[in-house]
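What follows is a set of notes on a single structure, which appears directly below.
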Amino acid sequence: MASFEAELDSASNIVQVVVTEDDGSEHDYQFDFDPRTGRWEFSERDLLERDFGDEWVEELEEEIERLIAEGVEAADDDDEESGDE
């Protein structure tokens with residue numbers, strides 16, 4: 001089964017994902033998000049579901065959403081510190 005690693009780049013409002021397949025090949029994806037709303041798009045979902053299955057994609061999506069929530073929280077904290085709201 002393929003695995004993934006996801007990382008938040010809060011300065012750029014991006015979640016970076018590396019998917020490693022069983023044969024060792026790696027595929028990079030990045031998901032931009034709005035730091036104020038957390039809105040993001042998952043246009044690769046159908047492709048990844050076909051390749052790795054719905055359950056695997058659900059786990060990936062949950063991790064991306066968790067990291068985006070961290071990014072939104074960090075952006076809110078930055079706004080409060082700078083006096084912007």
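By order in the structure tokens, chains are A, B, ...; within a chain, residues start at 1; ligands start at 1, following the order shown.
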
Run DSSP on the backbone and give me the residues of chain A it puts in strand (DSSP E or B), as number ranges by chain.
A: 3-9, 14-20, 26-33, 40

For the residues in the current selection, export C-alpha atoms as an mmCIF file, in the first residue's frame.
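Saved the output as selection04.cif:
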data_model
loop_
_atom_site.group_PDB
_atom_site.id
_atom_site.type_symbol
_atom_site.label_atom_id
_atom_site.label_comp_id
_atom_site.auth_asym_id
_atom_site.auth_seq_id
_atom_site.Cartn_x
_atom_site.Cartn_y
_atom_site.Cartn_z
ATOM 1 C CA SER A 3 2.078 5.863 1.985
ATOM 2 C CA PHE A 4 2.085 9.625 2.254
ATOM 3 C CA GLU A 5 3.800 12.348 4.214
ATOM 4 C CA ALA A 6 2.178 15.748 4.552
ATOM 5 C CA GLU A 7 3.750 18.978 5.751
ATOM 6 C CA LEU A 8 2.370 22.445 6.358
ATOM 7 C CA ASP A 9 4.145 25.461 4.881
ATOM 8 C CA ILE A 14 0.412 25.336 1.271
ATOM 9 C CA VAL A 15 0.186 21.739 2.405
ATOM 10 C CA GLN A 16 2.849 19.689 0.660
ATOM 11 C CA VAL A 17 2.267 15.956 0.224
ATOM 12 C CA VAL A 18 4.659 13.266 -0.960
ATOM 13 C CA VAL A 19 3.050 9.959 -1.926
ATOM 14 C CA THR A 20 5.404 6.982 -2.011
ATOM 15 C CA GLU A 26 7.311 9.303 -5.327
ATOM 16 C CA HIS A 27 4.729 11.849 -6.413
ATOM 17 C CA ASP A 28 4.537 15.393 -5.055
ATOM 18 C CA TYR A 29 1.331 17.347 -4.592
ATOM 19 C CA GLN A 30 0.660 20.701 -3.066
ATOM 20 C CA PHE A 31 -2.617 22.095 -1.869
ATOM 21 C CA ASP A 32 -2.985 25.853 -1.591
ATOM 22 C CA PHE A 33 -5.469 27.107 0.960
ATOM 23 C CA TRP A 40 -8.943 24.513 -0.570
#

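Separating CA of Arg36 in chain A from CA of Val72 in chain A is a distance of 6.0 Å.
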
Would you return as a VMD selection string the members of chain A that DSSP assigns to alpha helix (DSSP H) on this structure's backbone?
chain A and resid 45 to 52 54 to 82

Same residues, C-alpha atoms, saved as a compact mmCIF listing (two decimals), in the first residue's frame:
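Saved to selection_14.txt:
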# COMPACT_ATOMS: atom_id res chain seq x y z
CA ARG A 45 -9.09 13.24 -5.52
CA ASP A 46 -10.56 11.14 -8.37
CA LEU A 47 -7.12 10.17 -9.64
CA LEU A 48 -5.87 9.22 -6.18
CA GLU A 49 -9.07 7.27 -5.41
CA ARG A 50 -8.63 5.27 -8.58
CA ASP A 51 -5.00 4.49 -7.74
CA PHE A 52 -5.20 3.95 -3.96
CA ASP A 54 -11.44 5.64 -1.17
CA GLU A 55 -10.34 4.81 2.39
CA TRP A 56 -6.72 5.77 1.67
CA VAL A 57 -7.84 9.07 0.14
CA GLU A 58 -10.11 9.77 3.14
CA GLU A 59 -7.09 9.43 5.46
CA LEU A 60 -5.06 11.76 3.24
CA GLU A 61 -7.87 14.30 3.11
CA GLU A 62 -8.25 14.24 6.91
CA GLU A 63 -4.54 14.91 7.34
CA ILE A 64 -4.60 17.76 4.81
CA GLU A 65 -7.60 19.32 6.57
CA ARG A 66 -5.89 18.97 9.97
CA LEU A 67 -2.81 20.76 8.67
CA ILE A 68 -4.91 23.47 7.02
CA ALA A 69 -6.69 24.05 10.34
CA GLU A 70 -3.25 24.59 11.91
CA GLY A 71 -2.38 27.04 9.14
CA VAL A 72 -5.62 28.98 9.61
CA GLU A 73 -5.05 29.12 13.37
CA ALA A 74 -1.49 30.37 12.85
CA ALA A 75 -2.75 33.05 10.44
CA ASP A 76 -5.35 34.15 13.01
CA ASP A 77 -2.65 34.37 15.67
CA ASP A 78 -0.46 36.45 13.34
CA ASP A 79 -3.38 38.80 12.60
CA GLU A 80 -4.05 39.29 16.30
CA GLU A 81 -0.41 40.01 17.04
CA SER A 82 -0.19 42.57 14.24
